[in-house]
Amino acid sequence: MLIREATVADAEGIAIVHVDCWRTTYKDIMPRDFLDNLSYEKRKDLWKKNISGEGNYIYVAENNEGKIVGFISGGKRETNQVEDSGDLTAIYILENFQRMGLGKKLITKLFLKFEELGFKTIFVEVLEDNKSRYFYEAFGAELLKTEKIKMAGAELNLLVYSWKDISPVLL
């Protein structure tokens, strides 16, 4: 497996992983019609914009055939007013490639960038019913708060986690 920085040419591969992961990860959380209507093309356009955007850091995991099977993105959200902090905004790995250490490799790559940028605190938001919250907890993220949000017509609990020290993740 290869972990590398994303380029605009990766937008389609990232979009496929993004949509496919939403459909598997959120199948019992989000309304089915919402998930069925997700579009690779719209996500591709979104990822082209994200990859080109200043302050966005996106890395992909490629399998031995050069196919993108996972990605991570982060930076600093406009809403984040905390000094010397950043945000892990997305990490998705296709179901067949989970539990192979890719998540650890991806988060390490992003957090090394955050360390280079001088970020001391990292935030991540995750839906309460999303099992990936345990991934964050396993890497030392601590729950800060819970808030109710509306998404795709559903009322959901959004958990906000933070790392006050990212050095254990980098070991």
# chains A, B, ... in the order shown; residues from 1 in each chain; ligands from 1
>>> select_by_dssp(residues="chain A", states="strand (DSSP E or B)", output="ChimeraX atom specification")
/A:2-5,57-62,68-75,85-93,121-127,142-151,154-163
>>> residues_around(residues="segment 140-155 of chain A", least_positions_apart="2", cutoff="12 Å", atoms="only C-alpha atoms", output="PyMOL selection string")
chain A and resi 26+28-38+88+121-129+132-138+157-170
>>> residues_around(residues="segment 43-46 of chain A", least_positions_apart="3", cutoff="9 Å", atoms="only C-alpha atoms", output="list of chain:residue names")
A:Asp10, A:Ala11, A:Glu12, A:Gly13, A:Ile14, A:Ala15, A:Ile16, A:His18, A:Val19, A:Leu38, A:Ser39, A:Tyr40, A:Lys49, A:Asn50, A:Ile51
>>> select_by_dssp(residues="segment 12-158 of chain A", states="alpha helix (DSSP H)", output="JSON, numbers by chain")
{"A": [12, 13, 14, 15, 16, 17, 18, 19, 20, 21, 22, 23, 24, 25, 32, 33, 34, 35, 36, 40, 41, 42, 43, 44, 45, 46, 47, 48, 49, 50, 51, 52, 102, 103, 104, 105, 106, 107, 108, 109, 110, 111, 112, 113, 114, 115, 116, 117, 133, 134, 135, 136, 137, 138]}
>>> write_last_selection(atoms="N, CA and C atoms", output="compact mmCIF listing (two decimals), in the first residue's frame")
# COMPACT_ATOMS: atom_id res chain seq x y z
N GLU A 12 -11.54 11.73 -8.85
CA GLU A 12 -12.53 10.69 -9.17
C GLU A 12 -12.40 9.50 -8.22
N GLY A 13 -11.18 9.03 -7.99
CA GLY A 13 -10.96 7.90 -7.09
C GLY A 13 -11.39 8.21 -5.67
N ILE A 14 -11.10 9.43 -5.22
CA ILE A 14 -11.52 9.84 -3.88
C ILE A 14 -13.05 9.90 -3.81
N ALA A 15 -13.68 10.42 -4.85
CA ALA A 15 -15.15 10.52 -4.89
C ALA A 15 -15.80 9.15 -4.79
N ILE A 16 -15.24 8.17 -5.48
CA ILE A 16 -15.79 6.81 -5.44
C ILE A 16 -15.68 6.25 -4.03
N VAL A 17 -14.53 6.40 -3.40
CA VAL A 17 -14.35 5.92 -2.04
C VAL A 17 -15.31 6.65 -1.11
N HIS A 18 -15.43 7.97 -1.27
CA HIS A 18 -16.29 8.77 -0.41
C HIS A 18 -17.75 8.30 -0.47
N VAL A 19 -18.27 8.19 -1.68
CA VAL A 19 -19.67 7.78 -1.85
C VAL A 19 -19.88 6.34 -1.37
N ASP A 20 -19.00 5.43 -1.78
CA ASP A 20 -19.16 4.02 -1.39
C ASP A 20 -19.07 3.86 0.13
N CYS A 21 -18.17 4.59 0.76
CA CYS A 21 -18.05 4.52 2.22
C CYS A 21 -19.26 5.10 2.93
N TRP A 22 -19.79 6.20 2.40
CA TRP A 22 -21.00 6.75 3.01
C TRP A 22 -22.11 5.72 2.95
N ARG A 23 -22.22 5.03 1.83
CA ARG A 23 -23.31 4.05 1.66
C ARG A 23 -23.16 2.87 2.61
N THR A 24 -21.94 2.47 2.93
CA THR A 24 -21.76 1.35 3.86
C THR A 24 -21.75 1.83 5.31
N THR A 25 -21.05 2.92 5.58
CA THR A 25 -20.90 3.42 6.95
C THR A 25 -22.22 3.94 7.52
N ARG A 32 -32.14 6.04 3.55
CA ARG A 32 -31.67 5.27 2.39
C ARG A 32 -31.74 6.08 1.09
N ASP A 33 -32.83 6.83 0.89
CA ASP A 33 -32.96 7.59 -0.36
C ASP A 33 -31.87 8.64 -0.48
N PHE A 34 -31.45 9.23 0.64
CA PHE A 34 -30.35 10.18 0.62
C PHE A 34 -29.07 9.50 0.14
N LEU A 35 -28.77 8.34 0.71
CA LEU A 35 -27.56 7.62 0.34
C LEU A 35 -27.62 7.13 -1.11
N ASP A 36 -28.79 6.68 -1.54
CA ASP A 36 -28.95 6.20 -2.92
C ASP A 36 -28.73 7.33 -3.93
N TYR A 40 -21.30 10.26 -7.66
CA TYR A 40 -19.85 10.26 -7.85
C TYR A 40 -19.41 11.56 -8.52
N GLU A 41 -20.19 11.99 -9.51
CA GLU A 41 -19.81 13.18 -10.28
C GLU A 41 -19.77 14.43 -9.40
N LYS A 42 -20.80 14.60 -8.56
CA LYS A 42 -20.83 15.77 -7.68
C LYS A 42 -19.68 15.72 -6.67
N ARG A 43 -19.41 14.54 -6.15
CA ARG A 43 -18.31 14.39 -5.19
C ARG A 43 -16.97 14.62 -5.89
N LYS A 44 -16.87 14.20 -7.14
CA LYS A 44 -15.64 14.43 -7.90
C LYS A 44 -15.37 15.93 -8.01
N ASP A 45 -16.41 16.70 -8.34
CA ASP A 45 -16.27 18.16 -8.43
C ASP A 45 -15.87 18.76 -7.08
N LEU A 46 -16.49 18.26 -6.01
CA LEU A 46 -16.17 18.72 -4.66
C LEU A 46 -14.70 18.44 -4.33
N TRP A 47 -14.22 17.25 -4.68
CA TRP A 47 -12.85 16.89 -4.34
C TRP A 47 -11.83 17.62 -5.22
N LYS A 48 -12.18 17.93 -6.44
CA LYS A 48 -11.29 18.77 -7.26
C LYS A 48 -11.09 20.11 -6.57
N LYS A 49 -12.18 20.67 -6.09
CA LYS A 49 -12.14 21.97 -5.40
C LYS A 49 -11.35 21.85 -4.09
N ASN A 50 -11.61 20.79 -3.33
CA ASN A 50 -10.91 20.59 -2.06
C ASN A 50 -9.41 20.42 -2.26
N ILE A 51 -9.03 19.62 -3.23
CA ILE A 51 -7.61 19.36 -3.49
C ILE A 51 -6.91 20.64 -3.93
N SER A 52 -7.60 21.46 -4.71
CA SER A 52 -7.01 22.71 -5.20
C SER A 52 -7.00 23.81 -4.16
N LEU A 102 -4.30 0.82 7.44
CA LEU A 102 -4.33 2.01 6.58
C LEU A 102 -4.76 3.27 7.34
N GLY A 103 -5.70 3.12 8.24
CA GLY A 103 -6.16 4.26 9.02
C GLY A 103 -5.02 4.87 9.82
N LYS A 104 -4.22 4.03 10.46
CA LYS A 104 -3.07 4.50 11.23
C LYS A 104 -2.07 5.21 10.31
N LYS A 105 -1.82 4.64 9.13
CA LYS A 105 -0.87 5.26 8.20
C LYS A 105 -1.40 6.61 7.71
N LEU A 106 -2.67 6.68 7.41
CA LEU A 106 -3.25 7.93 6.93
C LEU A 106 -3.25 9.01 8.01
N ILE A 107 -3.68 8.65 9.21
CA ILE A 107 -3.75 9.66 10.28
C ILE A 107 -2.34 10.13 10.65
N THR A 108 -1.38 9.23 10.62
CA THR A 108 -0.01 9.62 10.90
C THR A 108 0.49 10.62 9.87
N LYS A 109 0.22 10.36 8.61
CA LYS A 109 0.66 11.27 7.53
C LYS A 109 0.06 12.66 7.73
N LEU A 110 -1.24 12.73 8.00
CA LEU A 110 -1.90 14.03 8.20
C LEU A 110 -1.38 14.72 9.46
N PHE A 111 -1.22 13.97 10.53
CA PHE A 111 -0.77 14.58 11.79
C PHE A 111 0.68 15.05 11.70
N LEU A 112 1.51 14.39 10.90
CA LEU A 112 2.87 14.90 10.66
C LEU A 112 2.80 16.28 9.99
N LYS A 113 1.86 16.43 9.06
CA LYS A 113 1.66 17.74 8.42
C LYS A 113 1.18 18.76 9.45
N PHE A 114 0.25 18.36 10.29
CA PHE A 114 -0.25 19.26 11.33
C PHE A 114 0.87 19.68 12.28
N GLU A 115 1.74 18.74 12.62
CA GLU A 115 2.88 19.06 13.48
C GLU A 115 3.78 20.09 12.81
N GLU A 116 4.04 19.90 11.51
CA GLU A 116 4.84 20.83 10.72
C GLU A 116 4.22 22.23 10.71
N LEU A 117 2.89 22.29 10.69
CA LEU A 117 2.16 23.56 10.67
C LEU A 117 2.06 24.20 12.05
N ARG A 133 -15.88 6.35 15.47
CA ARG A 133 -15.56 7.11 16.68
C ARG A 133 -14.62 6.32 17.57
N TYR A 134 -14.73 4.99 17.54
CA TYR A 134 -13.85 4.16 18.36
C TYR A 134 -12.41 4.18 17.83
N PHE A 135 -12.27 4.39 16.52
CA PHE A 135 -10.95 4.54 15.90
C PHE A 135 -10.27 5.78 16.50
N TYR A 136 -11.01 6.89 16.54
CA TYR A 136 -10.45 8.12 17.10
C TYR A 136 -10.09 7.95 18.57
N GLU A 137 -11.00 7.30 19.31
CA GLU A 137 -10.74 7.06 20.73
C GLU A 137 -9.49 6.20 20.93
N ALA A 138 -9.32 5.19 20.07
CA ALA A 138 -8.15 4.31 20.17
C ALA A 138 -6.85 5.07 19.95
>>> residues_around(residues="segment 54-65 of chain A", least_positions_apart="3", cutoff="6 Å", atoms="only C-alpha atoms", output="number ranges by chain")
A: 1-6, 68-75
>>> write_last_selection(atoms="C-alpha atoms", output="compact mmCIF listing (two decimals), in the first residue's frame")
# COMPACT_ATOMS: atom_id res chain seq x y z
CA MET A 1 0.00 0.00 0.00
CA LEU A 2 1.17 3.48 -0.84
CA ILE A 3 0.20 6.60 1.13
CA ARG A 4 0.78 9.83 -0.80
CA GLU A 5 -0.44 13.38 -1.19
CA ALA A 6 -3.52 13.69 -3.39
CA ILE A 68 -7.42 4.55 -4.39
CA VAL A 69 -8.91 2.56 -1.51
CA GLY A 70 -8.90 5.24 1.19
CA PHE A 71 -8.19 8.88 1.93
CA ILE A 72 -7.85 11.42 4.71
CA SER A 73 -8.31 15.18 4.64
CA GLY A 74 -7.76 17.99 7.06
CA GLY A 75 -6.79 21.58 7.56
>>> atom_distance(atom1="atom CA of Lys27 of chain A", atom2="atom CA of Arg77 of chain A")
26.7 Å
>>> atom_distance(atom1="atom CA of Ser85 of chain A", atom2="atom CA of Gly118 of chain A")
7.9 Å
>>> atom_distance(atom1="atom CA of Gly66 of chain A", atom2="atom CA of Arg99 of chain A")
19.3 Å
